[in-house]
Amino acid sequence: MSKNLIQIKNLTTSVGLADNKVNIVNNVSFDIKHGETFVLLGESGSGKSITALSIMRLLPAAVKISSGKVILGSKDLFELPENRMRKVRGANIGMIFQEPQTSLNPVLTAGQQISETLRQHENLSKNECITRSIELLTAVGIPEPTRRINEYPHQFSGGMKQRIMIAIALAGKPDLLIADEPTTALDVTIQAQVLDLLKKLQSETGMSILFITHDLGVASKMADHIAVMKDGEIVETKSKKDLFRKPEHPYTLKLFSAIPSWEKRVNEGEIESTHRRESTLLEVKNLKVHYPIKKGIFKRTIGQVRAVDDVSIKLHEGETVAVVGESGSGKTTMGKGILQLLDITSGDVSYQKTNLNSLDSHSLRKMRTDIQIIFQDPYSSMNPRMMINDIIQEGMIAQSIGNSQKERDHSVITLLEQVGLDPEHRFRYPHEFSGGQRQRICIARALAVKPKLIICDEPTSALDVSVQAQILSLLKDLQKQYKLAFLFITHNISVVEYIAHYVAVMYQGKIVEQGDVEDVLKRPKNSYTKKLLSAVPHIELNIS
């Protein structure tokens, strides 16, 4: 059995003073062995990131370590003076932060940022730093590293930025790499590349990894051991095999039961496919949304960005059609084009045989009573200065729904009850709610004008798995109750398996494959669809 690299013993961190002290991390203990990947698994607010920042002694000013030890080799990191701790960071422990865009310095090139760590810990000359930086960029899979070493963060994609962060973290040849949700904002194919890269680098260097995630699929791919965190405490620690075979704590069981999947859908008895017999609600024919590429002093058009390129799709009453694809594939642009929220280049969008392209602004505004949208980020889609009551009523007033203020107030109460919120919450502001509650408010707002079709643009992508399960269940219940149709835009294949009747796969502005959800996901024909599905981390549960 390999020896422990680091031991976290009875770690407690808190905010506040004396009698008002609140523990954020409470009596947490675990060990990480040489060469293993230890996963901290839990939802937002469980204390995972604070645990990692405590190990690094990089806590916000308001958060203090109350008690505990972090033993790296024979050293207690909490007893080191800051000048010695600074040498531990980077040389002994490297860290990849969750959001590379905010972690990278926008005014320094990739090479300069890697060289900072090399100069600090390796004592290399300028030329040696450049050579080593190119080697690191090559190791993390950046193409043309000799050229791109001189590029700035904004010139790289999200996946490439994360690779640069990994290169910086590896520059000091650390014994332990802390990866804090390193794939949360990435598409499934880029996520697979980053996870494979971390495993490859681990096998080459022998480093240990503390991997922080809320994603059970990612945990199942990466972990040797898993600790499940809830409310600042570790509630269950097991090897990956034992945890996925026999989870015991009620919270762990709740996390597993919340995972959307085809199996869960089958168990709920919802695999019928009679939806295509219903009447056609929406028909999109040869939709194109192109943006001109302009260059030079006179801004001449030299080409076109084909954001949506000749897309055709149908949606029927009471049906959920999922549009799945990676960032930049044209999913959201297609949704906005259908709603006529942006100018379309060509094509027809017909709602109940009425061509939306031909309507004037007044007629189109009236038509939006039937077609609503739920945006990806609920907080930014609500006015922070308005109370929930006014936010939900805004559309009702614009569409002249409700004969009086009293009638509209009663409708708001009913809507909040339908989406599982306390009616008294209507007198609060958006910042007073959690992410899941805000999304429920946005669903209530969409329902307020009694639509027949709702376009859902990544409505669960920012939510924890248990909150996601609640929202998906709510949408399915509302669909049954009102025969709603959903155009569900997502990159999450598990969500598609669980909620969709029909699926369209988008790639570079085109629909490359579409059909009944079981046909496309179980028997894909297009090479891109196969690539997309193969990149999804597969969870094998064997709960007795």
# chains A, B, ... in the order shown; residues from 1 in each chain; ligands from 1
>>> closest_atom_pairs(of="range 106-223 of chain A", to="range 79-92 of chain A", cutoff="9 Å", atoms="only C-alpha atoms", output="Markdown table")
| residue | atom | partner | partner_atom | distance |
| --- | --- | --- | --- | --- |
| A:Thr117 | CA | A:Gly90 | CA | 6.9 |
| A:Gln120 | CA | A:Lys87 | CA | 8.0 |
| A:His121 | CA | A:Ala91 | CA | 6.1 |
| A:Glu122 | CA | A:Ala91 | CA | 8.6 |
| A:Ile168 | CA | A:Gly90 | CA | 8.6 |
| A:Ala169 | CA | A:Gly90 | CA | 6.5 |
| A:Leu170 | CA | A:Gly90 | CA | 7.7 |
| A:Ala171 | CA | A:Gly90 | CA | 7.5 |
| A:Gly172 | CA | A:Ala91 | CA | 4.5 |
| A:Lys173 | CA | A:Ala91 | CA | 6.0 |
| A:Pro174 | CA | A:Asn92 | CA | 4.3 |
| A:Asp175 | CA | A:Asn92 | CA | 5.2 |
| A:Leu176 | CA | A:Asn92 | CA | 6.4 |
| A:Leu177 | CA | A:Asn92 | CA | 8.6 |
>>> closest_residue(among="A:Val323, A:Ile293, A:Ala535, A:Val28", to="Gln191 in chain A", atoms="only C-alpha atoms")
A:Ala535
>>> closest_atom_pairs(of="range 460-499 of chain A", to="range 373-380 of chain A", cutoff="9 Å", atoms="only C-alpha atoms", output="JSON lines")
{"residue": "A:Thr460", "atom": "CA", "partner": "A:Gln376", "partner_atom": "CA", "distance": 7.3}
{"residue": "A:Ser461", "atom": "CA", "partner": "A:Gln376", "partner_atom": "CA", "distance": 7.1}
{"residue": "A:Ala462", "atom": "CA", "partner": "A:Asp377", "partner_atom": "CA", "distance": 7.5}
>>> select_by_dssp(residues="range 139-387 of chain A", states="helix (DSSP H, G or I)", output="PyMOL selection string")
chain A and resi 139+145-148+153-155+158-170+188-205+216-222+240-245+250-257+262-267+274-277+331-338+356-358+361-367
>>> residues_around(residues="Arg440 in chain A", least_positions_apart="2", cutoff="9 Å", atoms="only C-alpha atoms", output="PyMOL selection string")
chain A and resi 378+416+419-421+435-438+442-445+471+474
>>> closest_residue(among="A:Ile392, A:Ile413, A:Leu281, A:Ile166", to="Lys353 in chain A", atoms="only C-alpha atoms")
A:Leu281
>>> closest_residue(among="A:Leu201, A:Leu255, A:Ile65, A:Leu315", to="Val284 in chain A", atoms="only C-alpha atoms")
A:Leu315
>>> closest_atom_pairs(of="range 9-46 of chain A", to="range 240-249 of chain A", cutoff="12 Å", atoms="only C-alpha atoms", output="JSON lines")
{"residue": "A:Glu36", "atom": "CA", "partner": "A:Lys240", "partner_atom": "CA", "distance": 11.7}
{"residue": "A:Thr37", "atom": "CA", "partner": "A:Lys240", "partner_atom": "CA", "distance": 10.3}
{"residue": "A:Phe38", "atom": "CA", "partner": "A:Lys240", "partner_atom": "CA", "distance": 9.4}
{"residue": "A:Val39", "atom": "CA", "partner": "A:Lys240", "partner_atom": "CA", "distance": 9.1}
{"residue": "A:Leu40", "atom": "CA", "partner": "A:Lys240", "partner_atom": "CA", "distance": 11.5}
{"residue": "A:Leu41", "atom": "CA", "partner": "A:Lys240", "partner_atom": "CA", "distance": 11.3}
>>> closest_residue(among="A:Pro459, A:Gly111, A:Gly217, A:Pro451", to="Ser381 in chain A", atoms="only C-alpha atoms")
A:Pro459
>>> closest_residue(among="A:Leu253, A:Leu447, A:Ile234, A:Val517", to="Thr414 in chain A", atoms="only C-alpha atoms")
A:Leu447
>>> select_by_dssp(residues="range 52-253 of chain A", states="strand (DSSP E)", output="PyMOL selection string")
chain A and resi 63-72+75-76+93-96+176-180+208-213+225-230+233-239
>>> closest_atom_pairs(of="range 1-21 of chain A", to="range 52-57 of chain A", cutoff="12 Å", atoms="only C-alpha atoms", output="JSON lines")
{"residue": "A:Ile6", "atom": "CA", "partner": "A:Ile55", "partner_atom": "CA", "distance": 9.8}
{"residue": "A:Gln7", "atom": "CA", "partner": "A:Ile55", "partner_atom": "CA", "distance": 10.0}
{"residue": "A:Ile8", "atom": "CA", "partner": "A:Ile55", "partner_atom": "CA", "distance": 8.1}
{"residue": "A:Lys9", "atom": "CA", "partner": "A:Ile55", "partner_atom": "CA", "distance": 10.8}
{"residue": "A:Leu11", "atom": "CA", "partner": "A:Ser54", "partner_atom": "CA", "distance": 8.4}
{"residue": "A:Thr12", "atom": "CA", "partner": "A:Ser54", "partner_atom": "CA", "distance": 9.1}
{"residue": "A:Thr13", "atom": "CA", "partner": "A:Ser54", "partner_atom": "CA", "distance": 7.7}
{"residue": "A:Ser14", "atom": "CA", "partner": "A:Ser54", "partner_atom": "CA", "distance": 10.8}
